[in-house]
Amino acid sequence: MPLIDPPSPASKSSSGDYIGSLDALRGIAALMVAILHFKLFLLTDLDFGWFDNIVVNGYLWVDFFFILSGFVLTHVYRDSFTNGIGAKPYRAFVGARLARIYPLHVATLALLATMELGKLAVMLMLNHPMEQPPFSGRNVVDAIFTNLLLIHSWNLHEGVTWNVPSWSISAEWAVYLICPMLLALLARCSWIAKLALAAACVAATCVTIIGHPDGLLTITYDLGVLRCLFGFVIGMLLNDAYRLGQVPAVLRWNWAFLAAMGAALVPMAFDLYDVAAIPGFAATVLTAAVNRDAVNRMLTSSLLTRIGALSYSIYLCHWVVLQAANQAWKLIYREPLGESFSSGQSVIALVVLMAGTLGLASAMSRMVEMPGRRWLRARLCGHEVMPEKHVSRFAVPGIR
C-alpha cells in the first residue's frame with residue numbers, strides 16, 4: 001500500500017497534454033517555504049552560507065505558486081469556459097477547487113486549535129506560566145471563523161492568523177471565484193491586449209511593493225489577494241503562449257531552464273528588488289513545461305514526483321510541526337526551540353523538523369487530503385464532469 005494515493009496528472013488538460021515536470025517544481029517550492037519558516041521562527045542562528053539569502057527571501061516562492069496556479073488551471077479549464085460561463089460549469093469548477101483545498105486546510109486548523117486547548121489545559125491544571133496565553137496573538141478565536149470561511153487574507157485582520165501559510169490559500173480562493181470569468185476574457189483578447197495585460201500585472205506588482213511599509217513583496221493578510229491575482233494572470237498568459245505553440249524553440253533547451261532558474265534566484269541571492277524574481281519564475285514554469293530532454297527526465301523522476309504529490313500537505317503541515325515542536329520544547333525546557341542551539345544542533349534540528357514535516361504530510365495526504373477531496377467533490381459537484389478529474393495536486397501554494 002503506497003503512502004499516498006498514486007498521483008494523477010497535476011496539469012493535464014482535456015486534450016490529454018500532461019505536463020509532469022511541474023509537479024516537482026511545486027514540491028521544491030513547498031520545501032523552500034518550510035525551510036524559510038523553520039529558520040525565521042525557530043532556528044534563527046542557522047547559517048546557509050552563500051545560500052542564506054535565497055533561503056531568507058524564500059517567501060517569494062509563494063509568487064511562483066501563484067504563477068504556476070494560473071498556468072495549470074488555464075491549461076486544464078480553458079476549454080470549459082472559452083464560449084462563456086454557464087451556471088453548472090461554474091458551480092462544478094468552484095466546487096472542485098473548494099474540495100481540493102478545504103479538507104486539509106480545516107484539518108490543520110483543527111490540529112492547531114487542539115494545541116491551543118492543550119496549552120490551556122496545562123496552564124489551568126499545572127499552573128504552568130505561558131509566555132503567550134492560549135488563543136492569543138495569531139491564534140485568536142474570532143480568526144477561526146474567517147479561516148473556516150477562507151476569507152482570512154481579505155484584509156480583515158491585523159496580521160496573519162492560525163496556520164500562517166494558509167493566507168495564500170485564502171487569496172487563491174478569492175481568485176478561484178473569478179477564474180472562469182478571467183478564462184472567458186482571455187479567450188477574447190488579442191495578443192496586443194495580452195501583452196499589455198502582462199505588463200500591467202508586473203507594473204501593478206511594483207506599485208503594490210512601493211506602497212508596502214517595508215518595500216518588499218511580503219504582502220499577505222492585507223493585499224494578498226491582489227498579489228495572487230497578478231501572479232495568476234501572468235501564469236494564464238504563459239499557458240496561452242504554450243498552448244498556441246508560440247514558445248521559441250530555444251526555450252526547450254536544457255540551458256534555458258537553468259538560465260530561467262538563475263534569473264529567479266539571482267535577485268534573491270543578491271537582495272535585489274523582489275519584483276525582479278517574477279520574470280525568472282515565469283520563465284522557469286514555461287521552460288520546464290516545454291522541455292522534453294534532461295531537465296524533464298530529472299523533474300519527472302520518482303523522488304521529485306513524490307515530493308510534488310505531497311506539496312500541498314508539506315505547505316500546510318510544516319507550520320503544525322513548527323508549532324508542536326516549539327510548544328513541546330517550551331514545556332520541557334522553559335525556552336523556545338533553537339534559542340540556545342549551536343550551529344550543529346540547529347542543522348540537526350532542521351533535519352528532524354523536515355523529517356517530521358514529510359511524515360505528517362504523507363499521513364495527512366493519505367488520510368485527509370485525498371479522501372476528503374473525493375468526498376467533498378462528490379457532494380459539491382455531483383455528476384458534473386469537469387477536466388479536473390485529471391488534476392491531482394496542483395496548484396495552490398503549495399498546491400494548486
# chains A, B, ... in the order shown; residues from 1 in each chain; ligands from 1
$ select_by_dssp --residues "region 48-170 of chain A" --states "helix (DSSP H, G or I)" --output "number ranges by chain"
A: 49-56, 58-81, 87-125, 142-148, 164-170
$ residues_around --residues "Ile85 (chain A)" --least-positions-apart "6" --cutoff "9 Å" --atoms "only C-alpha atoms" --output "PyMOL selection string"
chain A and resi 180-181+184
$ write_last_selection --atoms "C-alpha atoms" --output "tab-separated table (two decimals), in the first residue's frame"
chain	number	residue	atom	x	y	z
A	180	PRO	CA	-13.88	31.33	-15.06
A	181	MET	CA	-14.51	34.99	-15.91
A	184	ALA	CA	-13.58	33.67	-20.79
$ residues_around --residues "Phe71 (chain A)" --least-positions-apart "6" --cutoff "10 Å" --atoms "only C-alpha atoms" --output "list in words"
Ser11, Leu22, Phe65, Gly231, Phe232, Val233, Ile234, Gly235, Met236, Leu237, Leu238, Asn239, Asp240, Tyr242, Ala282, Val285, Leu286, Ala289, Ala395 and Arg400 of chain A
$ residues_around --residues "Leu60 (chain A)" --least-positions-apart "2" --cutoff "12 Å" --atoms "only C-alpha atoms" --output "ChimeraX atom specification"
/A:29-30,32-33,36,53-58,62-67,168,216-220,227-228,231,264-265,267-269,271,273-278,280-281,397
$ closest_residue --among "A:Ala361, A:Asp293, A:Ile35, A:Gly338" --to "Arg306 (chain A)" --atoms "only C-alpha atoms"
A:Ala361
$ closest_residue --among "A:Cys179, A:Val122, A:Ile210, A:Ala107" --to "Tyr77 (chain A)" --atoms "only C-alpha atoms"
A:Cys179
$ atom_distance --atom1 "CA of Asn155 (chain A)" --atom2 "CA of Leu223 (chain A)"
6.7 Å
$ residues_around --residues "Val347 (chain A)" --least-positions-apart "6" --cutoff "12 Å" --atoms "only C-alpha atoms" --output "list in words"
Ile35, Phe38, Lys39, Leu42, Leu43, Thr44, Asp45, Leu46, Asp47, Phe48, Gly338, Phe341, Leu353 and Met354 of chain A
$ write_last_selection --atoms "C-alpha atoms" --output "PDB file, in the first residue's frame"
ATOM      1  CA  ILE A  35      12.868  25.731   5.426  1.00  0.00           C
ATOM      2  CA  PHE A  38      11.881  26.914  10.365  1.00  0.00           C
ATOM      3  CA  LYS A  39      14.803  29.335  10.081  1.00  0.00           C
ATOM      4  CA  LEU A  42      12.900  28.773  15.344  1.00  0.00           C
ATOM      5  CA  LEU A  43      16.462  28.286  14.136  1.00  0.00           C
ATOM      6  CA  THR A  44      17.442  31.933  13.767  1.00  0.00           C
ATOM      7  CA  ASP A  45      21.179  31.262  14.060  1.00  0.00           C
ATOM      8  CA  LEU A  46      21.180  28.686  11.271  1.00  0.00           C
ATOM      9  CA  ASP A  47      23.521  29.915   8.526  1.00  0.00           C
ATOM     10  CA  PHE A  48      23.341  28.501   4.998  1.00  0.00           C
ATOM     11  CA  GLY A 338      16.526  26.701  18.986  1.00  0.00           C
ATOM     12  CA  PHE A 341      21.368  25.831  19.893  1.00  0.00           C
ATOM     13  CA  LEU A 353      11.774  19.105  11.648  1.00  0.00           C
ATOM     14  CA  MET A 354      11.838  18.424   7.906  1.00  0.00           C
TER      15      MET A 354
END
$ residues_around --residues "Lys119 (chain A)" --least-positions-apart "4" --cutoff "9 Å" --atoms "only C-alpha atoms" --output "number ranges by chain"
A: 114-115, 123-124, 130, 133-134, 327
$ closest_residue --among "A:Tyr59, A:Phe145, A:Phe81, A:Phe270" --to "Leu182 (chain A)" --atoms "only C-alpha atoms"
A:Phe81
$ residues_around --residues "Ser365 (chain A)" --least-positions-apart "3" --cutoff "9 Å" --atoms "only C-alpha atoms" --output "MDAnalysis selection string"
chainID A and resid 3:5 104 309:310 312:313 360:362 368:371
$ write_last_selection --atoms "N, CA and C atoms" --output "mmCIF file, in the first residue's frame"
data_model
loop_
_atom_site.group_PDB
_atom_site.id
_atom_site.type_symbol
_atom_site.label_atom_id
_atom_site.label_comp_id
_atom_site.auth_asym_id
_atom_site.auth_seq_id
_atom_site.Cartn_x
_atom_site.Cartn_y
_atom_site.Cartn_z
ATOM 1 N N LEU A 3 2.138 5.184 0.408
ATOM 2 C CA LEU A 3 1.903 6.149 1.469
ATOM 3 C C LEU A 3 0.805 7.129 1.112
ATOM 4 N N ILE A 4 0.665 7.419 -0.181
ATOM 5 C CA ILE A 4 -0.396 8.316 -0.623
ATOM 6 C C ILE A 4 -1.053 7.702 -1.841
ATOM 7 N N ASP A 5 -2.211 8.207 -2.187
ATOM 8 C CA ASP A 5 -2.848 7.756 -3.414
ATOM 9 C C ASP A 5 -1.927 8.079 -4.581
ATOM 10 N N LEU A 104 -7.840 19.655 3.882
ATOM 11 C CA LEU A 104 -6.558 19.755 4.576
ATOM 12 C C LEU A 104 -6.446 21.064 5.338
ATOM 13 N N ALA A 309 3.778 15.465 -5.282
ATOM 14 C CA ALA A 309 2.466 14.965 -4.880
ATOM 15 C C ALA A 309 2.120 15.382 -3.465
ATOM 16 N N LEU A 310 3.150 15.571 -2.637
ATOM 17 C CA LEU A 310 2.939 15.955 -1.237
ATOM 18 C C LEU A 310 3.002 17.464 -1.017
ATOM 19 N N TYR A 312 1.161 20.185 -1.335
ATOM 20 C CA TYR A 312 0.144 20.922 -0.573
ATOM 21 C C TYR A 312 0.187 20.537 0.899
ATOM 22 N N SER A 313 0.351 19.252 1.169
ATOM 23 C CA SER A 313 0.449 18.805 2.552
ATOM 24 C C SER A 313 1.702 19.358 3.219
ATOM 25 N N LEU A 360 4.320 13.831 8.575
ATOM 26 C CA LEU A 360 2.955 14.316 8.793
ATOM 27 C C LEU A 360 2.264 14.597 7.461
ATOM 28 N N ALA A 361 2.991 15.187 6.512
ATOM 29 C CA ALA A 361 2.400 15.489 5.210
ATOM 30 C C ALA A 361 1.945 14.219 4.507
ATOM 31 N N SER A 362 2.754 13.181 4.574
ATOM 32 C CA SER A 362 2.388 11.914 3.936
ATOM 33 C C SER A 362 1.136 11.330 4.570
ATOM 34 N N VAL A 368 -6.433 12.405 4.950
ATOM 35 C CA VAL A 368 -7.328 13.565 4.955
ATOM 36 C C VAL A 368 -7.463 14.189 3.566
ATOM 37 N N GLU A 369 -6.331 14.581 2.994
ATOM 38 C CA GLU A 369 -6.375 15.365 1.759
ATOM 39 C C GLU A 369 -7.087 14.650 0.621
ATOM 40 N N MET A 370 -6.644 13.433 0.288
ATOM 41 C CA MET A 370 -7.212 12.739 -0.860
ATOM 42 C C MET A 370 -8.628 12.218 -0.604
ATOM 43 N N PRO A 371 -8.877 11.492 0.497
ATOM 44 C CA PRO A 371 -10.268 11.051 0.717
ATOM 45 C C PRO A 371 -11.218 12.211 0.957
#
